[in-house]
$ cat query-v3.txt   # compact mmCIF, C-alpha atoms
# COMPACT_ATOMS: atom_id res chain seq x y z
CA MET A 1 -17.69 11.32 -18.95
CA PHE A 2 -15.22 13.71 -17.30
CA GLY A 3 -18.05 15.84 -15.91
CA VAL A 4 -19.32 12.88 -13.93
CA LEU A 5 -15.84 12.13 -12.59
CA LYS A 6 -15.20 15.72 -11.49
CA GLN A 7 -18.23 15.54 -9.21
CA SER A 8 -16.83 12.52 -7.36
CA LYS A 9 -14.03 12.16 -4.80
CA LEU A 10 -11.64 10.97 -7.50
CA PHE A 11 -9.47 14.06 -7.57
CA GLY A 12 -8.90 14.02 -3.82
CA ASP A 13 -8.20 10.28 -3.97
CA ALA A 14 -5.79 10.85 -6.86
CA PHE A 15 -3.84 13.48 -4.92
CA TRP A 16 -3.23 11.24 -1.93
CA ALA A 17 -2.54 8.18 -4.06
CA LEU A 18 -0.03 10.17 -6.09
CA PHE A 19 1.59 11.57 -2.95
CA GLY A 20 1.94 8.12 -1.39
CA GLN A 21 3.36 6.46 -4.46
CA ALA A 22 5.71 9.32 -5.34
CA ALA A 23 7.07 9.68 -1.81
CA SER A 24 7.47 5.91 -1.41
CA ALA A 25 9.19 5.56 -4.77
CA LEU A 26 11.59 8.41 -4.00
CA ALA A 27 12.47 6.89 -0.63
CA LEU A 28 13.05 3.43 -2.12
CA LEU A 29 15.13 4.73 -5.02
CA LEU A 30 17.32 6.80 -2.74
CA GLY A 31 17.59 3.91 -0.33
CA THR A 32 18.57 1.52 -3.11
CA ARG A 33 21.24 3.92 -4.33
CA LEU A 34 22.83 4.08 -0.90
CA LEU A 35 22.34 0.40 -0.10
CA THR A 36 23.98 -0.77 -3.33
CA GLU A 37 27.02 1.31 -2.39
CA LEU A 38 27.33 -0.60 0.90
CA ILE A 39 26.56 -4.21 -0.07
CA SER A 40 27.72 -6.41 -2.94
CA PRO A 41 25.44 -7.78 -5.69
CA ALA A 42 25.73 -11.22 -4.06
CA VAL A 43 24.40 -9.96 -0.72
CA TYR A 44 21.71 -7.93 -2.47
CA GLY A 45 20.76 -11.12 -4.31
CA GLN A 46 20.35 -13.02 -1.01
CA VAL A 47 18.11 -10.28 0.37
CA ALA A 48 16.08 -10.25 -2.85
CA LEU A 49 15.52 -14.01 -2.71
CA LEU A 50 14.41 -13.85 0.93
CA ASN A 51 12.15 -10.89 0.17
CA GLY A 52 10.68 -13.02 -2.58
CA PHE A 53 9.70 -15.66 -0.02
CA VAL A 54 8.12 -12.93 2.11
CA ALA A 55 6.19 -11.69 -0.91
CA LEU A 56 5.06 -15.25 -1.61
CA GLY A 57 3.69 -15.61 1.92
CA VAL A 58 1.86 -12.30 1.74
CA ALA A 59 0.46 -12.96 -1.73
CA VAL A 60 -0.73 -16.55 -1.33
CA PHE A 61 -1.68 -16.82 2.34
CA SER A 62 -2.89 -13.33 3.25
CA TYR A 63 -3.61 -11.05 0.32
CA PRO A 64 -6.65 -12.98 -1.04
CA PHE A 65 -8.51 -12.31 2.23
CA ILE A 66 -7.36 -8.70 2.32
CA CYS A 67 -8.51 -8.30 -1.31
CA ALA A 68 -11.92 -9.72 -0.42
CA GLY A 69 -12.26 -7.24 2.43
CA MET A 70 -11.34 -4.31 0.20
CA ARG A 71 -13.94 -5.36 -2.39
CA MET A 72 -16.77 -6.09 0.07
CA VAL A 73 -16.36 -3.05 2.31
CA THR A 74 -18.01 -0.96 -0.43
CA GLU A 75 -21.22 -2.96 0.12
CA CYS A 76 -21.37 -2.56 3.91
CA GLU A 77 -24.28 -0.27 4.74
CA THR A 78 -23.52 0.36 8.43
CA ALA A 79 -20.50 0.86 10.65
CA GLY A 80 -21.42 -2.37 12.45
CA GLN A 81 -21.19 -4.31 9.20
CA ARG A 82 -17.81 -2.77 8.44
CA SER A 83 -16.54 -3.72 11.88
CA GLY A 84 -17.78 -7.27 11.38
CA LEU A 85 -16.13 -7.51 7.99
CA HIS A 86 -12.83 -6.14 9.37
CA ALA A 87 -12.91 -8.66 12.22
CA ASP A 88 -13.53 -11.63 9.93
CA VAL A 89 -10.90 -10.55 7.41
CA ALA A 90 -8.34 -9.95 10.18
CA GLY A 91 -9.06 -13.35 11.73
CA LEU A 92 -8.69 -15.27 8.48
CA THR A 93 -5.58 -13.30 7.58
CA LEU A 94 -3.96 -14.03 10.95
CA GLN A 95 -4.59 -17.77 10.67
CA ALA A 96 -3.21 -17.93 7.13
CA THR A 97 -0.18 -15.82 8.06
CA MET A 98 0.75 -18.08 10.97
CA LEU A 99 0.64 -21.05 8.61
CA ALA A 100 2.84 -19.23 6.11
CA ILE A 101 5.39 -18.30 8.78
CA GLY A 102 5.52 -21.89 10.02
CA LEU A 103 6.14 -23.24 6.53
CA LEU A 104 8.80 -20.60 5.82
CA VAL A 105 10.73 -21.27 9.03
CA LEU A 106 10.51 -25.08 8.69
CA GLY A 107 11.61 -24.85 5.07
CA GLY A 108 14.48 -22.60 6.08
CA PHE A 109 15.71 -24.99 8.75
CA ALA A 110 15.50 -27.91 6.32
CA TYR A 111 17.39 -25.98 3.64
CA GLY A 112 19.97 -24.81 6.16
CA TYR A 113 20.60 -28.42 7.20
CA PHE A 114 21.65 -29.40 3.68
CA ALA A 115 23.24 -26.14 2.53
CA GLU A 116 25.61 -23.67 4.14
CA VAL A 117 22.92 -21.08 4.80
CA SER A 118 22.13 -19.55 8.19
CA SER A 119 18.68 -20.50 9.47
CA VAL A 120 18.54 -17.12 11.21
CA LEU A 121 17.85 -15.55 7.81
CA PHE A 122 14.62 -17.53 7.51
CA LEU A 123 13.58 -16.66 11.06
CA LEU A 124 14.04 -12.99 10.23
CA ALA A 125 12.10 -13.48 6.98
CA GLY A 126 9.22 -14.99 8.99
CA VAL A 127 9.08 -11.96 11.30
CA LEU A 128 9.26 -9.63 8.29
CA LEU A 129 6.35 -11.55 6.75
CA ALA A 130 4.20 -10.88 9.82
CA MET A 131 5.06 -7.17 9.79
CA THR A 132 4.34 -6.88 6.06
CA VAL A 133 0.95 -8.57 6.36
CA GLN A 134 -0.06 -6.20 9.17
CA ARG A 135 0.94 -3.25 7.00
CA GLU A 136 -0.96 -4.50 3.95
CA LEU A 137 -4.08 -5.28 5.96
CA GLY A 138 -4.24 -1.75 7.32
CA ILE A 139 -3.42 -0.03 4.05
CA GLN A 140 -5.72 -2.05 1.78
CA LEU A 141 -8.78 -1.81 4.04
CA ALA A 142 -8.20 1.94 4.29
CA ILE A 143 -8.12 2.12 0.48
CA GLY A 144 -11.34 0.11 0.27
CA GLU A 145 -13.01 2.70 2.51
CA ARG A 146 -11.47 5.47 0.35
CA LYS A 147 -9.31 6.74 3.22
CA GLN A 148 -6.48 7.49 0.83
CA ARG A 149 -4.67 9.89 3.13
CA LEU A 150 -4.24 7.29 5.88
CA ALA A 151 -3.16 4.64 3.36
CA SER A 152 -0.65 6.94 1.66
CA LEU A 153 0.94 8.20 4.86
CA TRP A 154 1.20 4.66 6.23
CA GLN A 155 2.85 3.40 3.06
CA THR A 156 5.20 6.38 2.85
CA THR A 157 6.34 6.01 6.44
CA ASP A 158 7.15 2.34 5.90
CA SER A 159 8.94 3.05 2.62
CA VAL A 160 11.10 5.75 4.19
CA LEU A 161 11.99 3.81 7.33
CA ARG A 162 12.85 0.50 5.68
CA PRO A 163 15.89 1.63 3.68
CA ALA A 164 16.87 4.18 6.34
CA LEU A 165 17.12 1.64 9.15
CA ALA A 166 18.65 -1.04 6.89
CA ILE A 167 21.37 1.39 5.77
CA ALA A 168 22.02 2.44 9.36
CA LEU A 169 22.49 -1.15 10.56
CA VAL A 170 24.67 -2.07 7.58
CA TRP A 171 26.77 1.06 8.13
CA TRP A 172 27.36 0.21 11.78
CA TRP A 173 27.59 -3.58 11.72
CA GLY A 174 28.61 -4.58 8.18
CA GLY A 175 27.11 -5.56 4.85
CA ASN A 176 25.35 -8.78 5.87
CA PRO A 177 21.81 -9.77 4.79
CA GLU A 178 20.80 -10.22 8.45
CA TRP A 179 21.19 -6.49 9.17
CA VAL A 180 19.22 -5.53 6.07
CA LEU A 181 16.31 -7.78 7.05
CA LEU A 182 16.41 -6.59 10.67
CA GLY A 183 16.27 -2.99 9.48
CA TYR A 184 13.17 -3.77 7.42
CA ILE A 185 11.54 -5.47 10.42
CA LEU A 186 12.16 -2.60 12.81
CA ALA A 187 10.92 -0.09 10.23
CA SER A 188 7.61 -1.88 9.63
CA LEU A 189 7.10 -2.53 13.34
CA LEU A 190 7.49 1.17 14.14
CA SER A 191 5.36 2.31 11.21
CA ASN A 192 2.56 -0.17 11.97
CA LEU A 193 2.41 0.83 15.64
CA VAL A 194 2.16 4.53 14.81
CA TRP A 195 -0.59 4.23 12.23
CA ILE A 196 -2.63 1.61 14.06
CA VAL A 197 -2.81 4.02 17.02
CA VAL A 198 -3.75 6.92 14.71
CA LYS A 199 -6.41 4.81 12.98
CA ARG A 200 -8.00 3.76 16.27
CA ARG A 201 -8.07 7.31 17.59
CA ASN A 202 -9.86 8.55 14.47
CA THR A 203 -12.35 5.69 14.30
CA VAL A 204 -15.66 5.63 16.12
CA ARG A 205 -15.75 2.24 17.79
CA THR A 206 -18.82 0.34 16.70
CA PRO A 207 -19.56 -3.25 17.72
CA ALA A 208 -19.64 -5.76 14.91
CA THR A 209 -23.10 -6.79 13.71
CA ALA A 210 -23.74 -9.94 15.72
CA SER A 211 -26.38 -11.41 13.42
CA ARG A 212 -24.09 -11.53 10.42
CA SER A 213 -20.86 -13.29 9.58
CA PHE A 214 -18.79 -12.47 6.52
CA ARG A 215 -16.39 -15.40 6.82
CA ARG A 216 -18.14 -17.56 4.23
CA GLU A 217 -18.47 -14.72 1.74
CA VAL A 218 -14.81 -13.79 2.20
CA TRP A 219 -13.82 -17.42 1.62
CA VAL A 220 -15.94 -17.66 -1.56
CA TYR A 221 -14.30 -14.53 -2.96
CA ALA A 222 -10.78 -15.33 -1.76
CA LEU A 223 -10.46 -19.04 -2.57
CA PRO A 224 -9.83 -18.63 -6.33
CA LEU A 225 -7.42 -15.80 -5.56
CA ILE A 226 -5.07 -18.09 -3.61
CA PRO A 227 -3.76 -20.00 -6.65
CA MET A 228 -4.01 -16.80 -8.66
CA GLU A 229 -1.72 -14.95 -6.26
CA LEU A 230 0.73 -17.86 -6.50
CA ILE A 231 0.63 -17.43 -10.25
CA PHE A 232 1.14 -13.69 -9.86
CA TRP A 233 4.18 -14.33 -7.66
CA ILE A 234 5.64 -16.75 -10.23
CA ASN A 235 5.17 -14.17 -12.98
CA GLY A 236 6.59 -11.32 -10.92
CA LEU A 237 9.40 -12.92 -8.93
CA GLY A 238 9.94 -16.44 -10.20
CA ASP A 239 12.55 -15.36 -12.73
CA ARG A 240 15.11 -14.47 -10.05
CA TYR A 241 14.97 -18.02 -8.63
CA VAL A 242 15.57 -19.43 -12.11
CA ILE A 243 18.49 -17.02 -12.44
CA GLY A 244 19.82 -18.12 -9.05
CA TYR A 245 19.62 -21.77 -10.09
CA LEU A 246 21.04 -21.43 -13.61
CA LEU A 247 23.43 -18.53 -12.98
CA THR A 248 24.71 -17.03 -9.68
CA ALA A 249 23.56 -15.02 -6.64
CA ALA A 250 25.48 -12.03 -8.01
CA ASP A 251 23.42 -12.25 -11.22
CA VAL A 252 20.28 -12.30 -9.08
CA GLY A 253 21.51 -9.12 -7.37
CA LEU A 254 22.16 -7.35 -10.67
CA TYR A 255 18.80 -8.39 -12.08
CA ALA A 256 16.79 -7.70 -8.90
CA ALA A 257 18.28 -4.23 -8.35
CA THR A 258 17.71 -3.21 -11.96
CA TYR A 259 14.21 -4.67 -12.07
CA MET A 260 13.33 -2.93 -8.82
CA ILE A 261 14.24 0.46 -10.31
CA VAL A 262 12.15 -0.10 -13.43
CA ASN A 263 9.28 -1.69 -11.57
CA GLU A 264 9.18 1.15 -9.05
CA ALA A 265 8.73 3.69 -11.83
CA PHE A 266 6.05 1.77 -13.74
CA ASN A 267 4.33 -0.03 -10.88
CA ARG A 268 4.09 3.07 -8.71
CA SER A 269 2.55 5.02 -11.57
CA ALA A 270 0.06 2.23 -12.24
CA MET A 271 -0.64 1.95 -8.51
CA VAL A 272 -1.60 5.63 -8.35
CA LEU A 273 -4.23 4.93 -10.99
CA LEU A 274 -5.30 1.68 -9.31
CA ARG A 275 -5.81 3.30 -5.92
CA THR A 276 -7.60 6.24 -7.49
CA PHE A 277 -9.98 4.40 -9.79
CA GLN A 278 -10.53 0.93 -8.32
CA PRO A 279 -12.40 1.93 -5.12
CA ALA A 280 -14.53 4.41 -7.09
CA TYR A 281 -15.21 1.79 -9.78
CA PHE A 282 -16.27 -0.83 -7.24
CA GLN A 283 -18.37 1.71 -5.35
CA ALA A 284 -20.22 2.82 -8.50
CA PHE A 285 -20.74 -0.78 -9.56
CA SER A 286 -22.09 -1.81 -6.14
CA ALA A 287 -24.48 1.16 -6.22
CA GLN A 288 -25.80 0.00 -9.63
CA GLN A 289 -24.47 3.19 -11.29
CA LEU A 290 -23.32 1.14 -14.25
CA GLN A 291 -22.75 3.91 -16.77
CA LYS A 292 -20.62 5.80 -14.27
CA ALA A 293 -18.67 2.62 -13.51
CA PHE A 294 -18.06 2.04 -17.23
CA SER A 295 -16.82 5.62 -17.64
CA ILE A 296 -14.44 5.28 -14.70
CA LEU A 297 -13.08 1.99 -16.06
CA TRP A 298 -12.26 3.42 -19.47
CA VAL A 299 -10.64 6.57 -18.15
CA TRP A 300 -8.53 4.18 -16.07
CA ILE A 301 -7.59 1.89 -18.98
CA THR A 302 -6.74 4.81 -21.25
CA SER A 303 -4.59 6.41 -18.56
CA VAL A 304 -2.68 3.17 -17.96
CA ALA A 305 -1.99 2.70 -21.68
CA ALA A 306 -0.85 6.29 -22.20
CA LEU A 307 1.32 6.29 -19.10
CA GLY A 308 2.96 3.01 -20.10
CA ALA A 309 3.80 4.24 -23.60
CA PHE A 310 5.20 7.52 -22.31
CA GLY A 311 7.26 5.80 -19.63
CA LEU A 312 8.76 3.33 -22.08
CA LEU A 313 9.77 6.10 -24.49
CA LEU A 314 11.27 8.15 -21.65
CA LEU A 315 13.28 5.19 -20.37
CA LEU A 316 14.71 4.43 -23.81
CA LEU A 317 16.10 7.96 -23.91
CA THR A 318 17.38 8.16 -20.33
CA LYS A 319 18.30 4.62 -19.18
CA ASP A 320 22.04 5.33 -18.82
CA TRP A 321 21.37 8.49 -16.82
CA VAL A 322 18.83 6.65 -14.61
CA ALA A 323 21.29 3.83 -13.90
CA SER A 324 24.07 6.24 -12.94
CA LEU A 325 21.68 8.13 -10.68
CA VAL A 326 20.06 5.29 -8.73
CA LEU A 327 22.51 2.37 -8.86
CA ALA A 328 26.07 1.94 -7.71
CA LYS A 329 28.63 1.51 -10.48
CA SER A 330 29.05 -2.22 -9.80
CA TYR A 331 25.40 -2.72 -10.85
CA HIS A 332 25.56 -0.85 -14.17
CA ALA A 333 26.23 -4.02 -16.19
CA ALA A 334 22.47 -4.66 -16.31
CA VAL A 335 21.41 -1.26 -17.70
CA ASP A 336 20.57 -2.67 -21.15
CA LEU A 337 17.91 -4.89 -19.53
CA MET A 338 15.77 -1.91 -18.61
CA PRO A 339 13.69 -1.44 -21.82
CA ALA A 340 12.53 -5.07 -21.90
CA MET A 341 11.65 -4.93 -18.21
CA ALA A 342 9.76 -1.69 -18.76
CA LEU A 343 7.69 -3.14 -21.59
CA GLY A 344 6.77 -6.09 -19.39
CA CYS A 345 5.74 -3.83 -16.51
CA ALA A 346 3.58 -1.68 -18.82
CA LEU A 347 1.80 -4.74 -20.22
CA HIS A 348 1.23 -6.11 -16.74
CA ALA A 349 -0.38 -2.85 -15.59
CA LEU A 350 -2.59 -2.78 -18.68
CA GLY A 351 -3.72 -6.36 -18.13
CA THR A 352 -4.66 -5.57 -14.53
CA ALA A 353 -6.84 -2.66 -15.62
CA LEU A 354 -8.49 -4.66 -18.40
CA ALA A 355 -9.42 -7.44 -15.95
CA GLN A 356 -11.34 -5.23 -13.48
CA PRO A 357 -14.85 -6.18 -14.70
CA LEU A 358 -14.13 -9.74 -13.53
CA LEU A 359 -13.44 -8.51 -10.00
CA ALA A 360 -16.48 -6.23 -10.03
CA HIS A 361 -18.68 -9.21 -10.94
CA LYS A 362 -16.80 -11.36 -8.38
CA ARG A 363 -15.80 -13.76 -11.15
CA THR A 364 -12.52 -14.60 -9.48
CA LYS A 365 -12.51 -18.10 -10.96
CA THR A 366 -12.57 -16.65 -14.45
CA LEU A 367 -9.79 -14.24 -13.52
CA LEU A 368 -7.78 -17.24 -12.34
CA LYS A 369 -7.94 -18.71 -15.85
CA GLY A 370 -6.35 -15.62 -17.34
CA ARG A 371 -3.60 -15.51 -14.73
CA LEU A 372 -2.97 -19.22 -15.31
CA CYS A 373 -2.28 -18.57 -18.98
CA GLY A 374 0.33 -16.00 -17.97
CA ALA A 375 1.91 -18.45 -15.51
CA VAL A 376 2.16 -21.18 -18.12
CA ALA A 377 3.78 -18.75 -20.54
CA ALA A 378 6.22 -17.67 -17.81
CA ALA A 379 7.06 -21.25 -16.85
CA VAL A 380 7.97 -21.97 -20.46
CA THR A 381 9.73 -18.78 -21.50
CA ILE A 382 11.83 -17.94 -18.41
CA PRO A 383 13.91 -21.15 -18.17
CA VAL A 384 14.34 -21.38 -21.95
CA LEU A 385 15.41 -17.75 -22.43
CA VAL A 386 17.62 -17.64 -19.32
CA SER A 387 19.44 -20.85 -20.29
CA GLN A 388 19.96 -19.57 -23.84
CA TYR A 389 20.62 -15.85 -23.32
CA GLY A 390 21.33 -15.32 -19.60
CA LEU A 391 20.11 -12.10 -17.99
CA PRO A 392 18.89 -10.54 -21.27
CA GLY A 393 16.73 -13.63 -21.79
CA ALA A 394 15.17 -13.16 -18.34
CA ALA A 395 14.41 -9.52 -19.14
CA TRP A 396 12.78 -10.25 -22.51
CA ALA A 397 10.66 -13.02 -21.03
CA ASN A 398 8.71 -10.32 -19.14
CA PRO A 399 6.89 -8.75 -22.12
CA VAL A 400 6.23 -12.19 -23.60
CA TYR A 401 4.28 -13.69 -20.72
CA PHE A 402 2.73 -10.44 -19.49
CA GLY A 403 1.60 -9.68 -23.04
CA ILE A 404 -0.03 -13.10 -23.38
CA GLU A 405 -1.71 -12.65 -20.01
CA ALA A 406 -3.06 -9.18 -20.91
CA VAL A 407 -4.62 -10.45 -24.15
CA VAL A 408 -6.30 -13.39 -22.42
CA LEU A 409 -7.61 -11.22 -19.58
CA ALA A 410 -9.08 -8.73 -22.04
CA ILE A 411 -10.88 -11.53 -23.90
CA LEU A 412 -12.30 -12.92 -20.66
CA ALA A 413 -13.30 -9.59 -19.08
CA LYS A 414 -14.58 -7.83 -22.24
CA PRO A 415 -14.15 -4.34 -20.76
CA TRP A 416 -15.42 -2.75 -23.98
CA GLN A 417 -18.95 -4.02 -23.24
CA ALA A 418 -21.03 -1.54 -21.22
CA ASP A 419 -23.37 -3.60 -19.04
CA ARG A 420 -26.54 -1.63 -18.38
CA ARG A 421 -28.42 -4.33 -16.49
CA ALA A 422 -28.81 -4.39 -12.73
CA LYS A 423 -26.37 -6.77 -11.13
CA SER A 424 -27.09 -9.32 -8.41
CA GLY A 425 -23.52 -9.46 -7.10
CA THR A 426 -24.27 -8.00 -3.68
CA ILE A 427 -23.20 -9.61 -0.45
CA GLN A 428 -26.76 -10.77 0.24
CA THR A 429 -27.06 -12.50 -3.14
CA LEU A 430 -23.60 -13.99 -2.83
CA ARG A 431 -24.64 -15.65 0.42
CA GLN A 432 -27.58 -17.36 -1.27
CA GLN A 433 -25.80 -18.31 -4.50
CA PRO A 434 -22.06 -18.26 -3.81
CA LEU A 435 -21.03 -19.75 -7.14
CA ALA A 436 -23.49 -17.98 -9.41
CA ALA A 437 -20.93 -15.52 -10.70
CA ASP A 438 -18.84 -18.27 -12.24
CA ALA A 439 -21.59 -20.59 -13.35
$ encode --input "query-v3.txt" --output "C-alpha cells"
Amino acid sequence: MFGVLKQSKLFGDAFWALFGQAASALALLLGTRLLTELISPAVYGQVALLNGFVALGVAVFSYPFICAGMRMVTECETAGQRSGLHADVAGLTLQATMLAIGLLVLGGFAYGYFAEVSSVLFLLAGVLLAMTVQRELGIQLAIGERKQRLASLWQTTDSVLRPALAIALVWWWGGNPEWVLLGYILASLLSNLVWIVVKRRNTVRTPATASRSFRREVWVYALPLIPMELIFWINGLGDRYVIGYLLTAADVGLYAATYMIVNEAFNRSAMVLLRTFQPAYFQAFSAQQLQKAFSILWVWITSVAALGAFGLLLLLLTKDWVASLVLAKSYHAAVDLMPAMALGCALHALGTALAQPLLAHKRTKTLLKGRLCGAVAAAVTIPVLVSQYGLPGAAWANPVYFGIEAVVLAILAKPWQADRRAKSGTIQTLRQQPLAADA
C-alpha cells in the first residue's frame, strides 16, 4: 500500500498542504490573540455572526459549483477542456454569488429597519462575500489540478493579511465591527489580485473547447450539494445564532472565539489530509486504478482517526495553557468548552473522510441524505441543550450531531468495500445518464 503511494505526487502535495494550513493557522491564532485584546466579546460576537452570513453565502450559493469543478477537472483530457470547465464554473459561481449578495444586503436593510443595527455592516458583509468567493474559486480549482503550492501560498497570504489589516484599522480607528470587516475585505482584495496575476502568468492560455459545454454536468453534480451545504452551515455555525437568540452577543463572542481556536487546530489538520489525499483519490478513481484509490482512501481515513484521537488527548492536557496563549483574559471563561468542541471537530473530520466514496461515484444525492441526518440531529440538540445548559450545552451538542452524521455517512458510503469493477462515472457517461449514479 505505502509503496504505491510513495511513487505518486502525494508527498509533494502533503508538504505544500501542510505548509499552507500550518502558516494560515499560525497567522489566524496570532491575529485572534491580538484582536481579542482590542475588541470586546460583544463586538467579536457581531463580527462572528456577520462572518457566518458570509460563510452561508459561500457555502450555499457558490461552493457547490466550485466543488463540481474540482471533482471534474481530474477527468479533463486536454487544456482546452480544462479552460472550458473553468469558464463554466466561474460563470455559474458569479451568477449565484450576485444572487447571494443581493439577498444578504436586502435582508440587512430589512433587519436594520426594525432593529438598531447599521445597514453598513451588511453592505460590508456583501463585499466580503464576493472577495471570499473569488479566493475559494482560485484555491479550490488549483487543488483540483494538484497545484498545491499555488493554493497554499494564496491561502496563507489571505490568512496573514486578514487579521493584520483588521488589527491595524481597529488600532487606528477603534474597536468597531465595521473596521474589522473592512480589514478583511482589503486583505482578500489584495491577496486575490496578486495570485490571480501570478496564476495567469504561469498558465498557457488555451481557448476553451467550443464543441463542449460543462454547464449541465456541473449543475447535475452541484444541485444536491446546495441543500447539503446549507445543512453543513447549520451544523457548523448555526449554534452561534441559537446562542445569540437565547443568550447574548457577548456569549456568542466567547463561544465563537473559543470554537475558532479549537476548530483551527482540528480542521486545519484534517484539511492537510483532505488536500493531500482527495485530489489523488479522485484522480486514481477517474483513471480506473481502483485498488490504488482504495489504498489512498484507507490511509486517509486511518490518518484522520489517529490525528483526531491524538489531538483530543493533547487538548485535554493543555487546554488552560492554550487559552492563556491565544485568547485574551476576558475570553478565558469558555476554556472548559474546548474538549467537547474538539471531540465534535474530530468526528466531523472522520465523517468527511468516510463519505468520500459517495463523491467519487458522484452520488451527491446519497451524500445529502447523510448530511440531512446530521442537520436534523443538530436542529434538535442545539436549542434543547443551549436552553438547558447554556454555553456548555452548545459545546456538547457538537459531538452528538457530528457523531450521528459520521455513522450514517459510513453506512451509506461503505468505505470498507473495495470496488474492483470499472466505473462508468466519467463526464461522458454523466452527460448521457445524469441521474444514473443515484438511481
$ closest_residue --input "query-v3.txt" --among "A:Asp158, A:Asp336, A:Asp320, A:Glu145" --to "Ala280 of chain A" --atoms "all atoms listed in the file"
A:Glu145
$ atom_distance --input "query-v3.txt" --atom1 "atom CA of Leu325 of chain A" --atom2 "atom CA of Leu312 of chain A"
17.9 Å
$ residues_around --input "query-v3.txt" --residues "His348 of chain A" --least-positions-apart "3" --cutoff "8 Å" --atoms "all atoms listed in the file" --output "PyMOL selection string"
chain A and resi 344-345+351-352+402-403+405-406
$ closest_residue --input "query-v3.txt" --among "A:Val54, A:Leu137, A:Ala250, A:Leu29" --to "Ile185 of chain A" --atoms "all atoms listed in the file"
A:Val54
$ closest_residue --input "query-v3.txt" --among "A:Leu35, A:Val170, A:Val218, A:Ile243" --to "Ala256 of chain A" --atoms "only C-alpha atoms"
A:Ile243
$ residues_around --input "query-v3.txt" --residues "segment 290-293 of chain A" --least-positions-apart "3" --cutoff "6 Å" --atoms "only C-alpha atoms" --output "list in words"
Tyr281, Ala284, Phe285, Ile296 and Arg420 of chain A
$ closest_residue --input "query-v3.txt" --among "A:Asn235, A:Ser303, A:Ser286, A:Ser269" --to "Tyr401 of chain A" --atoms "all atoms listed in the file"
A:Asn235
$ atom_distance --input "query-v3.txt" --atom1 "atom CA of Ala249 of chain A" --atom2 "atom CA of Gly45 of chain A"
5.3 Å
$ closest_residue --input "query-v3.txt" --among "A:Leu367, A:Ala48, A:Ala394, A:Ala110" --to "Pro224 of chain A" --atoms "only C-alpha atoms"
A:Leu367
$ atom_distance --input "query-v3.txt" --atom1 "atom CA of Leu358 of chain A" --atom2 "atom CA of Ile411 of chain A"
11.0 Å
$ residues_around --input "query-v3.txt" --residues "Leu49 of chain A" --least-positions-apart "3" --cutoff "10 Å" --atoms "all atoms listed in the file" --output "list in words"
Val43, Tyr44, Gly45, Gln46, Gly52, Phe53, Val54, Ala55, Leu237, Gly238, Arg240, Tyr241, Gly244, Ala249, Val252, Gly253 and Ala256 of chain A
$ closest_residue --input "query-v3.txt" --among "A:Ala130, A:Leu28, A:Ala222, A:Trp171" --to "Ser188 of chain A" --atoms "only C-alpha atoms"
A:Ala130
$ residues_near_point --input "query-v3.txt" --point "(26.9, -7.9, -7.3)" --cutoff "7 Å" --atoms "all atoms listed in the file" --output "VMD selection string"
chain A and resid 40 to 42 250 to 251 253 to 254 330 to 331
$ residues_around --input "query-v3.txt" --residues "Val89 of chain A" --least-positions-apart "2" --cutoff "10 Å" --atoms "all atoms listed in the file" --output "compact mmCIF listing (two decimals) with C-alpha atoms, keeping the file's coordinate frame"
# COMPACT_ATOMS: atom_id res chain seq x y z
CA SER A 62 -2.89 -13.33 3.25
CA PRO A 64 -6.65 -12.98 -1.04
CA PHE A 65 -8.51 -12.31 2.23
CA ILE A 66 -7.36 -8.70 2.32
CA CYS A 67 -8.51 -8.30 -1.31
CA ALA A 68 -11.92 -9.72 -0.42
CA GLY A 69 -12.26 -7.24 2.43
CA MET A 70 -11.34 -4.31 0.20
CA SER A 83 -16.54 -3.72 11.88
CA GLY A 84 -17.78 -7.27 11.38
CA LEU A 85 -16.13 -7.51 7.99
CA HIS A 86 -12.83 -6.14 9.37
CA ALA A 87 -12.91 -8.66 12.22
CA GLY A 91 -9.06 -13.35 11.73
CA LEU A 92 -8.69 -15.27 8.48
CA THR A 93 -5.58 -13.30 7.58
CA LEU A 94 -3.96 -14.03 10.95
CA LEU A 137 -4.08 -5.28 5.96
CA LEU A 141 -8.78 -1.81 4.04
CA PHE A 214 -18.79 -12.47 6.52
CA ARG A 215 -16.39 -15.40 6.82
CA VAL A 218 -14.81 -13.79 2.20
CA TRP A 219 -13.82 -17.42 1.62
$ residues_around --input "query-v3.txt" --residues "Leu56 of chain A" --least-positions-apart "2" --cutoff "12 Å" --atoms "only C-alpha atoms" --output "VMD selection string"
chain A and resid 49 to 54 58 to 64 97 100 to 101 103 to 104 125 to 126 129 132 to 133 226 to 238
$ residues_near_point --input "query-v3.txt" --point "(-16.2, -18.1, -3.2)" --cutoff "9 Å" --atoms "all atoms listed in the file" --output "PyMOL selection string"
chain A and resi 216-224+362+364-365+430+434-435
$ build_atoms --input "query-v3.txt" --residues "segment 86-90 of chain A" --atoms "N, CA, C and O atoms" --output "PDB file, in the coordinates of the input"
ATOM      1  N   HIS A  86     -14.236  -6.309   8.967  1.00  0.00           N
ATOM      2  CA  HIS A  86     -12.830  -6.140   9.370  1.00  0.00           C
ATOM      3  C   HIS A  86     -12.389  -7.256  10.303  1.00  0.00           C
ATOM      4  O   HIS A  86     -11.289  -7.794  10.162  1.00  0.00           O
ATOM      5  N   ALA A  87     -13.261  -7.613  11.260  1.00  0.00           N
ATOM      6  CA  ALA A  87     -12.910  -8.660  12.220  1.00  0.00           C
ATOM      7  C   ALA A  87     -12.723 -10.008  11.534  1.00  0.00           C
ATOM      8  O   ALA A  87     -11.769 -10.751  11.819  1.00  0.00           O
ATOM      9  N   ASP A  88     -13.630 -10.340  10.620  1.00  0.00           N
ATOM     10  CA  ASP A  88     -13.530 -11.630   9.930  1.00  0.00           C
ATOM     11  C   ASP A  88     -12.310 -11.674   9.011  1.00  0.00           C
ATOM     12  O   ASP A  88     -11.604 -12.691   8.945  1.00  0.00           O
ATOM     13  N   VAL A  89     -12.060 -10.587   8.300  1.00  0.00           N
ATOM     14  CA  VAL A  89     -10.900 -10.550   7.410  1.00  0.00           C
ATOM     15  C   VAL A  89      -9.604 -10.646   8.227  1.00  0.00           C
ATOM     16  O   VAL A  89      -8.681 -11.390   7.871  1.00  0.00           O
ATOM     17  N   ALA A  90      -9.539  -9.909   9.336  1.00  0.00           N
ATOM     18  CA  ALA A  90      -8.340  -9.950  10.180  1.00  0.00           C
ATOM     19  C   ALA A  90      -8.115 -11.338  10.758  1.00  0.00           C
ATOM     20  O   ALA A  90      -6.974 -11.825  10.823  1.00  0.00           O
TER      21      ALA A  90
END
